[in-house]
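Asker: Pasting input.pdb below, which is PDB, C-alpha atoms, pLDDT in the B column.
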```
ATOM      1  CA  MET A   1      72.149  31.364  23.873  1.00 50.00           C
ATOM      2  CA  ASN A   2      69.287  33.142  22.092  1.00 52.00           C
ATOM      3  CA  GLU A   3      69.194  36.820  22.983  1.00 56.00           C
ATOM      4  CA  ARG A   4      65.384  36.861  23.114  1.00 59.00           C
ATOM      5  CA  PHE A   5      65.287  34.045  25.620  1.00 58.00           C
ATOM      6  CA  ARG A   6      64.721  35.302  29.110  1.00 63.00           C
ATOM      7  CA  PRO A   7      64.795  32.514  31.608  1.00 63.00           C
ATOM      8  CA  ARG A   8      62.145  32.693  34.309  1.00 66.00           C
ATOM      9  CA  PRO A   9      63.168  32.439  37.880  1.00 67.00           C
ATOM     10  CA  ARG A  10      63.808  28.884  38.905  1.00 63.00           C
ATOM     11  CA  LYS A  11      61.650  27.238  41.536  1.00 66.00           C
ATOM     12  CA  ALA A  12      62.931  24.525  43.790  1.00 64.00           C
ATOM     13  CA  ALA A  13      60.613  21.870  42.264  1.00 65.00           C
ATOM     14  CA  ASP A  14      61.593  22.611  38.619  1.00 67.00           C
ATOM     15  CA  PRO A  15      63.807  19.988  36.985  1.00 73.00           C
ATOM     16  CA  VAL A  16      67.258  21.115  36.031  1.00 78.00           C
ATOM     17  CA  VAL A  17      67.646  21.595  32.244  1.00 80.00           C
ATOM     18  CA  SER A  18      71.078  21.895  30.729  1.00 86.00           C
ATOM     19  CA  VAL A  19      71.911  24.747  28.352  1.00 87.00           C
ATOM     20  CA  ASP A  20      72.422  22.256  25.511  1.00 89.00           C
ATOM     21  CA  ASP A  21      68.947  20.775  26.071  1.00 86.00           C
ATOM     22  CA  ALA A  22      67.392  24.235  26.102  1.00 83.00           C
ATOM     23  CA  GLU A  23      69.144  25.168  22.815  1.00 87.00           C
ATOM     24  CA  LEU A  24      68.099  21.881  21.243  1.00 89.00           C
ATOM     25  CA  PHE A  25      64.472  22.498  22.278  1.00 86.00           C
ATOM     26  CA  ARG A  26      64.446  26.077  20.878  1.00 83.00           C
ATOM     27  CA  SER A  27      65.954  24.952  17.564  1.00 85.00           C
ATOM     28  CA  ALA A  28      63.392  22.139  17.293  1.00 87.00           C
ATOM     29  CA  ILE A  29      60.337  24.368  17.810  1.00 86.00           C
ATOM     30  CA  GLY A  30      61.581  27.219  15.651  1.00 84.00           C
ATOM     31  CA  ARG A  31      60.876  30.917  15.960  1.00 80.00           C
ATOM     32  CA  VAL A  32      58.195  31.847  18.460  1.00 76.00           C
ATOM     33  CA  ARG A  33      56.739  35.149  19.474  1.00 71.00           C
ATOM     34  CA  PRO A  34      56.059  36.152  23.024  1.00 71.00           C
ATOM     35  CA  ILE A  35      52.429  36.132  24.094  1.00 73.00           C
ATOM     36  CA  GLY A  36      52.183  39.896  24.423  1.00 69.00           C
ATOM     37  CA  GLU A  37      53.600  40.627  20.948  1.00 65.00           C
ATOM     38  CA  ARG A  38      51.223  41.083  18.001  1.00 67.00           C
ATOM     39  CA  ALA A  39      51.773  38.966  14.964  1.00 62.00           C
ATOM     40  CA  GLU A  40      51.403  40.386  11.497  1.00 67.00           C
ATOM     41  CA  THR A  41      48.828  38.305   9.658  1.00 70.00           C
ATOM     42  CA  ALA A  42      47.502  38.618   6.187  1.00 67.00           C
ATOM     43  CA  PRO A  43      43.842  39.581   5.960  1.00 70.00           C
ATOM     44  CA  ARG A  44      41.646  36.543   5.481  1.00 78.00           C
ATOM     45  CA  ALA A  45      39.563  36.310   2.352  1.00 83.00           C
ATOM     46  CA  GLU A  46      35.826  35.841   2.831  1.00 85.00           C
ATOM     47  CA  PRO A  47      34.855  32.197   2.424  1.00 86.00           C
ATOM     48  CA  PRO A  48      32.535  31.529  -0.509  1.00 84.00           C
ATOM     49  CA  ALA A  49      28.826  31.322   0.193  1.00 86.00           C
ATOM     50  CA  PRO A  50      27.655  27.736   0.750  1.00 86.00           C
ATOM     51  CA  GLU A  51      26.227  26.074  -2.327  1.00 85.00           C
ATOM     52  CA  ALA A  52      23.676  23.261  -2.142  1.00 85.00           C
ATOM     53  CA  ARG A  53      25.267  21.229  -4.929  1.00 86.00           C
ATOM     54  CA  GLN A  54      23.561  17.937  -4.114  1.00 86.00           C
ATOM     55  CA  PHE A  55      20.145  19.617  -4.065  1.00 82.00           C
ATOM     56  CA  ALA A  56      20.817  21.159  -7.488  1.00 83.00           C
ATOM     57  CA  LEU A  57      21.967  17.780  -8.847  1.00 84.00           C
ATOM     58  CA  ASP A  58      18.859  16.041  -7.477  1.00 80.00           C
ATOM     59  CA  GLU A  59      16.561  18.656  -8.977  1.00 82.00           C
ATOM     60  CA  ALA A  60      18.269  18.351 -12.361  1.00 81.00           C
ATOM     61  CA  ARG A  61      17.961  14.561 -12.261  1.00 81.00           C
ATOM     62  CA  VAL A  62      14.230  14.725 -11.490  1.00 75.00           C
ATOM     63  CA  ARG A  63      13.677  17.220 -14.313  1.00 75.00           C
ATOM     64  CA  ASP A  64      15.580  14.997 -16.745  1.00 73.00           C
ATOM     65  CA  GLU A  65      13.630  11.894 -15.673  1.00 70.00           C
ATOM     66  CA  LEU A  66      10.318  13.683 -16.154  1.00 65.00           C
ATOM     67  CA  LEU A  67      11.340  14.804 -19.636  1.00 67.00           C
ATOM     68  CA  ASP A  68      12.793  11.439 -20.674  1.00 65.00           C
ATOM     69  CA  ASN A  69      10.076   9.124 -19.337  1.00 56.00           C
ATOM     70  CA  VAL A  70       6.730   8.833 -21.028  1.00 54.00           C
ATOM     71  CA  PHE A  71       3.939   9.575 -18.571  1.00 47.00           C
ATOM     72  CA  ASP A  72       1.238   6.910 -18.370  1.00 49.00           C
ATOM     73  CA  PRO A  73      -1.861   8.049 -16.462  1.00 48.00           C
ATOM     74  CA  GLY A  74      -2.706   4.369 -15.923  1.00 45.00           C
ATOM     75  CA  ASP A  75       0.205   4.143 -13.493  1.00 45.00           C
ATOM     76  CA  ILE A  76      -1.544   6.457 -11.067  1.00 46.00           C
ATOM     77  CA  GLU A  77      -3.598   4.793  -8.364  1.00 47.00           C
ATOM     78  CA  VAL A  78      -7.102   6.225  -8.616  1.00 47.00           C
ATOM     79  CA  GLY A  79      -9.808   5.515  -6.124  1.00 55.00           C
ATOM     80  CA  ASP A  80      -9.941   3.599  -2.921  1.00 79.00           C
ATOM     81  CA  GLU A  81      -8.993   0.056  -2.228  1.00 86.00           C
ATOM     82  CA  ILE A  82     -11.856  -2.353  -1.872  1.00 90.00           C
ATOM     83  CA  HIS A  83     -11.939  -5.365   0.407  1.00 91.00           C
ATOM     84  CA  TYR A  84     -14.449  -7.716   1.960  1.00 93.00           C
ATOM     85  CA  LEU A  85     -14.451 -10.771   4.210  1.00 94.00           C
ATOM     86  CA  ARG A  86     -17.534 -12.958   4.528  1.00 93.00           C
ATOM     87  CA  PRO A  87     -18.697 -13.171   8.154  1.00 94.00           C
ATOM     88  CA  GLY A  88     -17.573 -16.324   9.925  1.00 93.00           C
ATOM     89  CA  PHE A  89     -14.124 -16.476   8.304  1.00 93.00           C
ATOM     90  CA  PRO A  90     -10.953 -15.557  10.241  1.00 94.00           C
ATOM     91  CA  GLU A  91      -9.478 -12.097   9.635  1.00 94.00           C
ATOM     92  CA  ARG A  92      -6.128 -13.655   8.682  1.00 94.00           C
ATOM     93  CA  VAL A  93      -7.703 -14.922   5.429  1.00 93.00           C
ATOM     94  CA  LEU A  94      -8.279 -11.343   4.270  1.00 93.00           C
ATOM     95  CA  LYS A  95      -4.840 -10.243   5.490  1.00 93.00           C
ATOM     96  CA  ARG A  96      -3.143 -13.029   3.550  1.00 93.00           C
ATOM     97  CA  LEU A  97      -5.182 -12.198   0.435  1.00 92.00           C
ATOM     98  CA  ARG A  98      -4.298  -8.489   0.661  1.00 91.00           C
ATOM     99  CA  ARG A  99      -0.596  -9.356   1.019  1.00 90.00           C
ATOM    100  CA  GLY A 100      -0.667 -11.585  -2.047  1.00 89.00           C
ATOM    101  CA  HIS A 101      -0.022 -14.874  -0.226  1.00 91.00           C
ATOM    102  CA  TYR A 102      -2.452 -16.878  -2.374  1.00 92.00           C
ATOM    103  CA  SER A 103      -1.511 -18.133  -5.837  1.00 91.00           C
ATOM    104  CA  ILE A 104      -3.678 -16.606  -8.563  1.00 92.00           C
ATOM    105  CA  ARG A 105      -5.041 -19.467 -10.658  1.00 91.00           C
ATOM    106  CA  ALA A 106      -7.058 -17.550 -13.314  1.00 93.00           C
ATOM    107  CA  GLU A 107      -7.884 -14.013 -14.385  1.00 92.00           C
ATOM    108  CA  ILE A 108     -10.233 -12.009 -16.538  1.00 93.00           C
ATOM    109  CA  ASP A 109      -9.746  -8.550 -18.001  1.00 92.00           C
ATOM    110  CA  LEU A 110     -12.889  -6.428 -18.291  1.00 90.00           C
ATOM    111  CA  HIS A 111     -11.305  -3.547 -20.231  1.00 88.00           C
ATOM    112  CA  GLN A 112     -13.401  -2.354 -23.191  1.00 85.00           C
ATOM    113  CA  MET A 113     -16.505  -4.218 -21.932  1.00 87.00           C
ATOM    114  CA  THR A 114     -19.830  -2.562 -21.317  1.00 89.00           C
ATOM    115  CA  ALA A 115     -21.421  -3.010 -17.900  1.00 89.00           C
ATOM    116  CA  ALA A 116     -23.936  -5.554 -19.222  1.00 92.00           C
ATOM    117  CA  VAL A 117     -21.251  -7.640 -20.957  1.00 92.00           C
ATOM    118  CA  ALA A 118     -18.939  -7.396 -17.926  1.00 92.00           C
ATOM    119  CA  ARG A 119     -21.717  -8.577 -15.572  1.00 93.00           C
ATOM    120  CA  ASP A 120     -22.253 -11.761 -17.596  1.00 95.00           C
ATOM    121  CA  ALA A 121     -18.492 -12.278 -18.073  1.00 94.00           C
ATOM    122  CA  ILE A 122     -17.789 -12.021 -14.315  1.00 94.00           C
ATOM    123  CA  LYS A 123     -20.542 -14.511 -13.431  1.00 95.00           C
ATOM    124  CA  ALA A 124     -19.423 -17.009 -16.087  1.00 95.00           C
ATOM    125  CA  PHE A 125     -15.744 -16.571 -15.085  1.00 95.00           C
ATOM    126  CA  LEU A 126     -16.420 -17.230 -11.383  1.00 95.00           C
ATOM    127  CA  ASP A 127     -18.614 -20.260 -12.129  1.00 94.00           C
ATOM    128  CA  GLU A 128     -15.911 -21.727 -14.383  1.00 94.00           C
ATOM    129  CA  ALA A 129     -13.162 -21.027 -11.803  1.00 93.00           C
ATOM    130  CA  ILE A 130     -15.094 -22.892  -9.108  1.00 93.00           C
ATOM    131  CA  ALA A 131     -15.803 -25.777 -11.486  1.00 93.00           C
ATOM    132  CA  HIS A 132     -12.054 -26.125 -12.154  1.00 93.00           C
ATOM    133  CA  ASP A 133     -11.043 -25.657  -8.470  1.00 93.00           C
ATOM    134  CA  GLU A 134      -9.289 -22.346  -9.224  1.00 92.00           C
ATOM    135  CA  LEU A 135     -10.144 -20.723  -5.914  1.00 92.00           C
ATOM    136  CA  CYS A 136      -7.996 -17.594  -6.087  1.00 93.00           C
ATOM    137  CA  VAL A 137      -8.638 -15.432  -9.149  1.00 95.00           C
ATOM    138  CA  ARG A 138      -7.969 -11.898 -10.341  1.00 95.00           C
ATOM    139  CA  ILE A 139     -10.519  -9.664 -12.001  1.00 94.00           C
ATOM    140  CA  VAL A 140      -8.986  -6.693 -13.822  1.00 92.00           C
ATOM    141  CA  HIS A 141     -11.735  -4.057 -13.872  1.00 88.00           C
ATOM    142  CA  GLY A 142      -9.570  -1.020 -14.615  1.00 85.00           C
ATOM    143  CA  LYS A 143      -9.214   2.212 -12.687  1.00 79.00           C
ATOM    144  CA  GLY A 144     -12.011   4.077 -14.422  1.00 69.00           C
ATOM    145  CA  LEU A 145      -9.789   6.825 -15.831  1.00 65.00           C
ATOM    146  CA  ARG A 146     -12.101   7.284 -18.827  1.00 62.00           C
ATOM    147  CA  SER A 147     -15.353   7.046 -16.858  1.00 60.00           C
ATOM    148  CA  SER A 148     -15.578  10.841 -16.401  1.00 59.00           C
ATOM    149  CA  SER A 149     -17.739  11.955 -13.478  1.00 58.00           C
ATOM    150  CA  ARG A 150     -19.423   8.545 -13.101  1.00 63.00           C
ATOM    151  CA  GLY A 151     -16.275   7.122 -11.512  1.00 68.00           C
ATOM    152  CA  PRO A 152     -15.003   3.584 -12.074  1.00 78.00           C
ATOM    153  CA  VAL A 153     -18.184   1.867 -13.332  1.00 85.00           C
ATOM    154  CA  LEU A 154     -16.718  -1.628 -13.785  1.00 89.00           C
ATOM    155  CA  LYS A 155     -15.013  -1.484 -10.385  1.00 89.00           C
ATOM    156  CA  ARG A 156     -18.324  -0.724  -8.629  1.00 89.00           C
ATOM    157  CA  LEU A 157     -20.110  -3.388 -10.676  1.00 90.00           C
ATOM    158  CA  THR A 158     -17.451  -5.984  -9.832  1.00 92.00           C
ATOM    159  CA  GLU A 159     -17.651  -5.211  -6.122  1.00 92.00           C
ATOM    160  CA  GLN A 160     -21.451  -5.389  -6.186  1.00 91.00           C
ATOM    161  CA  ILE A 161     -21.442  -8.808  -7.883  1.00 93.00           C
ATOM    162  CA  LEU A 162     -18.761 -10.222  -5.560  1.00 93.00           C
ATOM    163  CA  ARG A 163     -20.470  -9.044  -2.372  1.00 91.00           C
ATOM    164  CA  HIS A 164     -23.742 -10.775  -3.317  1.00 91.00           C
ATOM    165  CA  ARG A 165     -22.295 -14.141  -4.338  1.00 91.00           C
ATOM    166  CA  GLY A 166     -22.413 -16.808  -1.654  1.00 91.00           C
ATOM    167  CA  ASP A 167     -19.306 -18.576  -2.980  1.00 93.00           C
ATOM    168  CA  VAL A 168     -17.011 -15.534  -2.453  1.00 94.00           C
ATOM    169  CA  VAL A 169     -15.052 -15.866   0.797  1.00 94.00           C
ATOM    170  CA  ALA A 170     -13.067 -12.622   0.467  1.00 95.00           C
ATOM    171  CA  TYR A 171     -11.839 -10.049  -2.021  1.00 95.00           C
ATOM    172  CA  ALA A 172      -9.323  -7.220  -1.912  1.00 94.00           C
ATOM    173  CA  SER A 173      -7.702  -4.750  -4.275  1.00 92.00           C
ATOM    174  CA  ALA A 174      -4.584  -6.232  -5.818  1.00 91.00           C
ATOM    175  CA  LEU A 175      -1.029  -5.308  -4.916  1.00 90.00           C
ATOM    176  CA  PRO A 176       0.466  -2.545  -7.101  1.00 87.00           C
ATOM    177  CA  ALA A 177       2.480  -5.104  -9.103  1.00 85.00           C
ATOM    178  CA  GLN A 178      -0.721  -7.074  -9.782  1.00 86.00           C
ATOM    179  CA  GLY A 179      -2.840  -4.133 -10.928  1.00 85.00           C
ATOM    180  CA  GLY A 180      -3.342  -2.125  -7.741  1.00 87.00           C
ATOM    181  CA  THR A 181      -6.774  -0.516  -7.422  1.00 86.00           C
ATOM    182  CA  GLY A 182      -7.463  -1.481 -11.040  1.00 88.00           C
ATOM    183  CA  ALA A 183      -7.826  -5.159 -10.148  1.00 91.00           C
ATOM    184  CA  VAL A 184      -9.309  -7.253  -7.391  1.00 94.00           C
ATOM    185  CA  LEU A 185      -8.138 -10.599  -5.981  1.00 95.00           C
ATOM    186  CA  VAL A 186     -10.993 -12.949  -5.152  1.00 95.00           C
ATOM    187  CA  LEU A 187     -10.907 -15.982  -2.870  1.00 94.00           C
ATOM    188  CA  LEU A 188     -13.672 -18.488  -3.661  1.00 94.00           C
ATOM    189  CA  ARG A 189     -15.161 -21.332  -1.672  1.00 89.00           C
ATOM    190  CA  GLY A 190     -15.015 -24.695  -3.441  1.00 74.00           C
ATOM    191  CA  ASP A 191     -17.655 -27.420  -3.318  1.00 66.00           C
TER
END
```
What would you get if you wrote out this structure as structure tokens?
Answerer:
Amino acid sequence: MNERFRPRPRKAADPVVSVDDAELFRSAIGRVRPIGERAETAPRAEPPAPEARQFALDEARVRDELLDNVFDPGDIEVGDEIHYLRPGFPERVLKRLRRGHYSIRAEIDLHQMTAAVARDAIKAFLDEAIAHDELCVRIVHGKGLRSSSRGPVLKRLTEQILRHRGDVVAYASALPAQGGTGAVLVLLRGD
């Protein structure tokens, strides 16, 4: 029997444990120290300060992407979206147009045009689209990045022309993949 083992006084309800079972138990659990005895422990080293590794990796990736990719100011959305629905038409028509649910049948690009040339081009384009039953069209007016303090001249001109034509049912700025605020989708009324 282990000399450090001091059996506690037996109570009537305790199960009887043989000496062999007690020895087997003590050999299985190994050396133990009594609760009141202090254990000698090695001093613990200070844990390292936490490091935000993922944050550092993300920041490095963003920096690398900015340096590797060519910046195109035309990708930036400039200005507000424009939209219009002629009175008497259901609101869902404009919603569907803004979500890109109509198939674009024709388009015109006004880049590099003066306001006078663009005005005539828009009118001729819309008349031709109606004549050919192309009732959903896109007009690319640009974002006006080179218009200085005057703002997007062709965008304002396009909106002004569309609002005053009786054959325009609705118009809305295009989805980002279709030109964003640099283009407008127009829904026309056929004959």
Asker: Between CA of Pro152 (chain A) and CA of His101 (chain A), measure the distance and give it in Å to one decimal.
Answerer: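 Result for CA of Pro152 (chain A) versus CA of His101 (chain A): 26.6 Å, one decimal.
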Asker: Hey, what comes out of the PyMOL selection byres ((chain A and resi 180-188) around 6) on this file? Could you write it as a PDB file with C-alpha atoms, keeping the file's coordinate frame?
Answerer:
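Output below, filename selection-v9.pdb:
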```
ATOM      1  CA  GLU A  81      -8.993   0.056  -2.228  1.00 86.00           C
ATOM      2  CA  LEU A 135     -10.144 -20.723  -5.914  1.00 92.00           C
ATOM      3  CA  CYS A 136      -7.996 -17.594  -6.087  1.00 93.00           C
ATOM      4  CA  VAL A 137      -8.638 -15.432  -9.149  1.00 95.00           C
ATOM      5  CA  ARG A 138      -7.969 -11.898 -10.341  1.00 95.00           C
ATOM      6  CA  ILE A 139     -10.519  -9.664 -12.001  1.00 94.00           C
ATOM      7  CA  VAL A 140      -8.986  -6.693 -13.822  1.00 92.00           C
ATOM      8  CA  HIS A 141     -11.735  -4.057 -13.872  1.00 88.00           C
ATOM      9  CA  GLY A 142      -9.570  -1.020 -14.615  1.00 85.00           C
ATOM     10  CA  LYS A 143      -9.214   2.212 -12.687  1.00 79.00           C
ATOM     11  CA  ASP A 167     -19.306 -18.576  -2.980  1.00 93.00           C
ATOM     12  CA  VAL A 168     -17.011 -15.534  -2.453  1.00 94.00           C
ATOM     13  CA  VAL A 169     -15.052 -15.866   0.797  1.00 94.00           C
ATOM     14  CA  ALA A 170     -13.067 -12.622   0.467  1.00 95.00           C
ATOM     15  CA  TYR A 171     -11.839 -10.049  -2.021  1.00 95.00           C
ATOM     16  CA  ALA A 172      -9.323  -7.220  -1.912  1.00 94.00           C
ATOM     17  CA  SER A 173      -7.702  -4.750  -4.275  1.00 92.00           C
ATOM     18  CA  ALA A 174      -4.584  -6.232  -5.818  1.00 91.00           C
ATOM     19  CA  LEU A 175      -1.029  -5.308  -4.916  1.00 90.00           C
ATOM     20  CA  PRO A 176       0.466  -2.545  -7.101  1.00 87.00           C
ATOM     21  CA  GLN A 178      -0.721  -7.074  -9.782  1.00 86.00           C
ATOM     22  CA  GLY A 179      -2.840  -4.133 -10.928  1.00 85.00           C
ATOM     23  CA  ARG A 189     -15.161 -21.332  -1.672  1.00 89.00           C
TER      24      ARG A 189
END
```
Asker: Could you check how far CA of Asp80 (chain A) sits from CA of Lys155 (chain A), in Å to one decimal?
Answerer: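 So the two atoms, CA of Asp80 (chain A) and CA of Lys155 (chain A), lie 10.4 Å apart.
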Asker: Report, in Å with one decimal, the straight-line distance from CA of Ala121 (chain A) to CA of Gly88 (chain A).
Answerer: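 According to the coordinates, CA of Ala121 (chain A) and CA of Gly88 (chain A) are separated by 28.3 Å.
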Asker: May I ask which of the residues A:Ile104, A:Val16, A:Ala45, A:Ile29 is the closest one to Ala129 (chain A), counting all atoms listed in the file?
Answerer: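 The answer is A:Ile104, which sits nearest to Ala129 (chain A).
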Asker: Would you mind telling me which residue in A:Leu110, A:Val62, A:Arg92, A:Leu85 lies nearest to Arg163 (chain A) when using all atoms listed in the file?
Answerer: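 Among the listed residues, the smallest separation from Arg163 (chain A) belongs to A:Leu85.
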Asker: Which one is closest to Tyr84 (chain A): A:Ala116, A:Leu157, A:Ala177, A:Leu162? Count all atoms listed in the file.
Answerer: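 Among the listed residues, A:Leu162 lies closest to Tyr84 (chain A).
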Asker: Under the rule that only C-alpha atoms are counted, which of A:Thr158, A:Leu97, A:Gly190, A:Asp120 is the nearest residue to His132 (chain A)?
Answerer: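 Closest to His132 (chain A) of all the choices is A:Gly190.
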